[in-house]
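A quick write-up on the structure given underneath.
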Amino acid sequence: MPLSLSQLERHLLAAADGLRGPLSPHEYQDYLLPLLFLKHASDEFDATRTRLLAAATAQGSSAQQAAAIADSPDAHEQAGSLYVPPAARWERIAAATDDIAKSCLSPALAAMAAAHPQLRDAFTRLDFTRLGGRHAAHADRRLRSLIDHFSAVPLHKAALAYPDMIGAAYETLLGNFASASAGGEYFTPAAVARLMAELARPAPDAHVYDPCVGSGGMLIQTVQYVAEHFGDAGKLTLAGQDANPRATVMAAMNLLLHGVRRFDLRTGDTLAEPQHGSTFDLVLSNPPFSMDYSRAALPDAAARMPYGMAPERGRADWMFVQHMLHAVRDRGGSVVTVMPHGALFRDGAEAEIRGALLDADVIEAVIGLPAALFTNTSVPACILVLRSPGTKRPELRGRVLIINADQEFRAERSRNVMLPEHVARVVAAFHTAADAAGFARAVERRELADNGDNLNIRRYVDNSPAPEPQDVRAHLYGGMPRAEVAAHHQLLDAYGLTALDLFAERPDAPDSDYLDFLPEGERPTAERIDALAAPRESALLAAFATWWEETAAAFDGLAGGDRAGAGQVGVVRKTMLASLLNHLGPIGPLDQHALAGAFAAWWHASRPDVSSLVHNGYAGLIDGWLQDVRGRLEPVLDPKTAKWRRPSAAERRAAYAHPVVRALIPEFAAELRDADEAVSAAAGPDGAGESTASRALLRAARARVTQLEAEFCPPPDELPGGSRLERERREVGARGGDRELVRGVLRDRLQAEIELRLRLRRGQLYDRYRMWEEKYADSLADVEAASTAASAKMWALMEEMGYAD
């Protein structure tokens with residue numbers, strides 16, 4: 001069975017655990033990536049070599065001739081695999097025992113660099129002996145453990161759920177490593193890089209350049225965008241440069257692990273030693289913020305920096321921008337780059353550069369990003385989109401689109417994260433270039449000039465919430481101002497409600513400006529608001545069910561199992577999103593943005609499954625899911641004790657919660673929950689049972705849990721007829737239900753995203769009513785009347801007791 005993405009990620013994380021000791025977490029990648037690269041390249045070489053041998057033999061070649069063909073670098077290049085010289089093949093590495101770093105790994109990496117120009121000088125500074133700390137012998141022990149760990153799992157493409165899975169797993173690992181500040185300098189969060197690729201929309205044959213390439217994330221996102229929307233990214237021409245050789249090593253291997261072969265990476269100071277020309281269609285980059293530079297060291301400054309010279313100390317931002325614009329000069333290309341906010345409004349020479357760029361009409365958009373997105377800096381950042389002179393979109397000529405997306409995030413522990421729905425909203429605002437209150441606005445050049453060419457985002461698009469209105473008359477005399485209800489009519493309209501669903505007309509002589517709160521027992525509680533919201537929510541979910549039945553057939557075109565559908569993935573995504581918005585948008589209560597956000601989050605979570613579907617079909621995807629479940633239940637090697645342990649109860653229950661389990665055995669979750677509750681009830685407060693009878697109940701309850709888990713997915717051949725999971729899988733396959741099962745899992749995942757947003761929307765309705773009630777339900781007149789009544793009652797009581805005259 002092919003390895004699933006989550007299995008591979010766990011395998012890599014376990015390898016990282018084995019490096020604890022002399023290294024900092026951000027250094028793990030320096031050693032894991034080369035080993036992963038060597039293992040994957042060697043496994044793929046062996047698999048390709050076997051195919052080449054068989055093909056040559058079938059065509060009548062002798063054994064010697066077939067072997068020569070199978071070992072030919074040209075044959076492997078034509079087959080799409082990297083040629084691996086004998087010194088770099090894994091069988092040799094796996095057999096090494098002594099002085100592994102110097103006698104085996106260093107020669108292996110040197111041989112790979114000599115065989116592939118993309119890797120020239122890549123590994124010259126890599127020192128595997130550092131793994132031993134102060135004791136060289138410890139390096140052999142750690143390397144032996146790592147090599148054995150990688151040897152345990154085949155990593156050629158046929159052993160993986162889909163071809164690009166190695167790269168996807170390593171990106172996840174790279175994101176974990178970047179949590180350490182020293183490692184973050186090479187890492188742009190994947191969501192930001194994805195946003196930039198979606199803004200740029202690169203063509204399938206584009207020439208793309210990153211002058212500060214880091215780990216290669218921008219170039220990889222370009223490849224993934226083109227692959228998803230056009231099916232084949234093989235015509236892309238990719239180039240990059242970085243001042244740090246460690247970064248270009250990572251970028252080169254990262255690209256190769258993603259299956260990219262055509263790229264040109266160089267090491268050197270991009271401003272002082274530019275090693276690429278001006279013939280690119282697109283630049284995507286995240287240059288270092290506010291670094292120093294030397295004017296005297298800039299070659300061709302007049303040609304590359306025609307808009308002005310920024311101060312040398314800590315002000316290189318606009319110099320990078322001008323270098324990028326120069327890189328797309330000859331092909332009339334575009335630049336999408338990350339910049340610090342300070343570059344937008346600092347005065348002096350930087351203001352003059354901004355003015356010159358605005359006069360040349362090359363700045364198309366400024367997009368403010370949320371704070372705390374990047375692991376290596378707390379400096380607020382933005383994205384600039386620039387076009388070569390004369391190439392801006394017609395609707396933005398003479399204007400700059402400013403988007404304030406600083407609230408498009410979810411807070412996660414130490415930093416903020418842009419979710420797919422946040423990316424989707426920014427991308428939609430950019431490509432439509434339509435004004436949206438508090439979010440996006442196209443600003444005229446004259447207004448920018450009037451503000452001294454200051455591009456401070458909040459000056460033009462302020463998303464600060466308006467102050468809560470306060471009606472003095474309502475505070476004094478009571479009542480709910482109709483104007484405040486009308487101001488939130490969109491929230492009420494979304495549910496088909498009117499003001500009279502929440503309030504009452506004033507009796508006898510209706511006051512046109514005010515409504516009355518309902519009596520205490522009749523006011524909208526959370527339960528009543530749920531009931532008011534239910535009709536529209538039910539209508540939306542019913543429409544969703546109909547839409548899914550009509551639309552899900554689109555997956556059939558992707559599920560050929562022969563990779564024919566790879567080029568249709570982007571088409572399916574675009575078609576399904578447009579259809580969803582068209583069918584569900586008019587119903588309410590979710591607007592187009594909320595629906596698009598739900599779809600974006602669902603599609604992002606489903607991308608590994610869609611990739612597996614394309615390459616393995618419906619049945620292969622299900623089998624991959626099941627292998628993932630089994631893998632989560634297998635014994636785990638504890639890196640601290642070097643012993644195997646059974647997954648914990650929490651880890652096992654996470655495996656049982658996999659969507660394929662719910663689809664195959666829907667009753668299992670309830671059975672296990674009932675059994676767990678029985679254990680808790682029998683255990684009593686002290687967790688051990690309070691009497692002989694309760695201890696017997698506890699043993700029985702625990703036995704029931706053990707039985708359920710033992711039947712669910714035991715080791716192969718332990719149960720007659722296989723495990724419960726395997727029996728259900730065979731039954732689904734026998735009745736031809738693979739297609740419906742996969743569709744059901746994907747449908748439930750999207751429905752869960754929609755239901756989440758329905759709960760959030762309903763919460764907005766409840767919170768709004770509570771706000772109104774807190775403000776106006778008790779007026780000053782009511783409070784004074786109640787106070788007067790309470791005072792009279794107290795004095796009457798005092799008089800009865802003889803304390804008052």
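We label chains A, B, ... in the order they appear in the structure tokens, count residues from 1 in each chain, and number ligands from 1 in the order shown.
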Worksheet item: Got a sec: who's within 9 Å of stretch 675-686 of chain A, counting only C-alpha atoms, leaving out chain neighbours fewer than 4 positions off, as a list of chain:residue names?
Response: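 Once the nearby chain positions are removed, what remains is A:Ala670, A:Glu671, A:Glu690, A:Ser694, A:Arg695, A:Ala696, A:Leu697, A:Leu698, A:Arg699, A:Ala700, A:Ala701, A:Arg702, A:Arg704, A:Val705, A:Leu708.
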Find the residues near A:Ala159: any atom within 12 Å, counting only C-alpha atoms, skip ones fewer than 6 places away on the same chain, and give them as a PDB file with N, CA and C atoms, in the first residue's frame.
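And here is the file that came out, part_38.pdb:
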```pdb
ATOM      1  N   MET A   1       0.835  -1.203   0.000  1.00  0.00           N
ATOM      2  CA  MET A   1       0.000   0.000   0.000  1.00  0.00           C
ATOM      3  C   MET A   1       0.872   1.256   0.000  1.00  0.00           C
ATOM      4  N   PRO A   2       0.501   2.278  -0.795  1.00  0.00           N
ATOM      5  CA  PRO A   2       1.274   3.530  -0.786  1.00  0.00           C
ATOM      6  C   PRO A   2       1.254   4.182   0.591  1.00  0.00           C
ATOM      7  N   LEU A   3       2.326   4.879   0.885  1.00  0.00           N
ATOM      8  CA  LEU A   3       2.447   5.598   2.147  1.00  0.00           C
ATOM      9  C   LEU A   3       1.585   6.855   2.082  1.00  0.00           C
ATOM     10  N   SER A   4       0.838   7.149   3.152  1.00  0.00           N
ATOM     11  CA  SER A   4       0.004   8.346   3.178  1.00  0.00           C
ATOM     12  C   SER A   4       0.833   9.549   3.632  1.00  0.00           C
ATOM     13  N   LEU A   5       0.299  10.749   3.373  1.00  0.00           N
ATOM     14  CA  LEU A   5       1.003  11.966   3.759  1.00  0.00           C
ATOM     15  C   LEU A   5       1.216  12.030   5.270  1.00  0.00           C
ATOM     16  N   GLN A   7       1.390   9.603   7.384  1.00  0.00           N
ATOM     17  CA  GLN A   7       2.394   8.611   7.788  1.00  0.00           C
ATOM     18  C   GLN A   7       3.809   9.123   7.513  1.00  0.00           C
ATOM     19  N   LEU A   8       3.992   9.708   6.346  1.00  0.00           N
ATOM     20  CA  LEU A   8       5.313  10.226   6.003  1.00  0.00           C
ATOM     21  C   LEU A   8       5.703  11.375   6.930  1.00  0.00           C
ATOM     22  N   HIS A  40      15.298   9.409  -1.116  1.00  0.00           N
ATOM     23  CA  HIS A  40      14.269   9.495  -2.147  1.00  0.00           C
ATOM     24  C   HIS A  40      14.882   9.347  -3.538  1.00  0.00           C
ATOM     25  N   ASP A  43      16.034   5.676  -4.037  1.00  0.00           N
ATOM     26  CA  ASP A  43      14.896   4.755  -4.208  1.00  0.00           C
ATOM     27  C   ASP A  43      14.256   4.938  -5.576  1.00  0.00           C
ATOM     28  N   GLU A  44      14.107   6.187  -6.000  1.00  0.00           N
ATOM     29  CA  GLU A  44      13.501   6.448  -7.310  1.00  0.00           C
ATOM     30  C   GLU A  44      14.425   5.976  -8.430  1.00  0.00           C
ATOM     31  N   ALA A  47      14.008   2.206  -8.671  1.00  0.00           N
ATOM     32  CA  ALA A  47      12.747   1.841  -9.308  1.00  0.00           C
ATOM     33  C   ALA A  47      12.801   2.101 -10.815  1.00  0.00           C
ATOM     34  N   VAL A 153      11.541   2.717   5.375  1.00  0.00           N
ATOM     35  CA  VAL A 153      10.384   3.081   4.555  1.00  0.00           C
ATOM     36  C   VAL A 153      10.831   3.367   3.132  1.00  0.00           C
ATOM     37  N   MET A 165       4.324  14.083  -2.801  1.00  0.00           N
ATOM     38  CA  MET A 165       4.085  13.960  -1.372  1.00  0.00           C
ATOM     39  C   MET A 165       5.351  14.193  -0.547  1.00  0.00           C
ATOM     40  N   ILE A 166       6.501  13.800  -1.068  1.00  0.00           N
ATOM     41  CA  ILE A 166       7.754  14.037  -0.348  1.00  0.00           C
ATOM     42  C   ILE A 166       7.918  15.526  -0.071  1.00  0.00           C
ATOM     43  N   HIS A 615      -4.260  10.156  -8.751  1.00  0.00           N
ATOM     44  CA  HIS A 615      -3.248   9.152  -9.080  1.00  0.00           C
ATOM     45  C   HIS A 615      -3.644   7.726  -8.719  1.00  0.00           C
ATOM     46  N   ASN A 616      -4.630   7.573  -7.840  1.00  0.00           N
ATOM     47  CA  ASN A 616      -4.970   6.221  -7.374  1.00  0.00           C
ATOM     48  C   ASN A 616      -6.429   5.849  -7.552  1.00  0.00           C
ATOM     49  N   GLY A 624      -5.670   4.175   0.970  1.00  0.00           N
ATOM     50  CA  GLY A 624      -4.683   5.058   1.601  1.00  0.00           C
ATOM     51  C   GLY A 624      -5.173   5.575   2.943  1.00  0.00           C
TER      52      GLY A 624
END
```
Discussion item. List as JSON, numbers by chain the protein and nucleic acid residues near stretch 384-390 of chain A, meaning an atom at most 9 Å away when only C-alpha atoms are counted, but skip any in the same chain fewer than 3 places from it.
Written reply: {"A": [199, 200, 321, 325, 326, 328, 329, 331, 332, 333, 334, 335, 336, 337, 338, 339, 360, 361, 362, 363, 364, 365, 366, 367, 368, 393, 397]}
Practice prompt. Would you mind writing down, as a PyMOL selection string, each residue of stretch 632-741 of chain A that DSSP on the backbone assigns to strand (DSSP E or B)?
Written response: chain A and resi 636-638+643-645
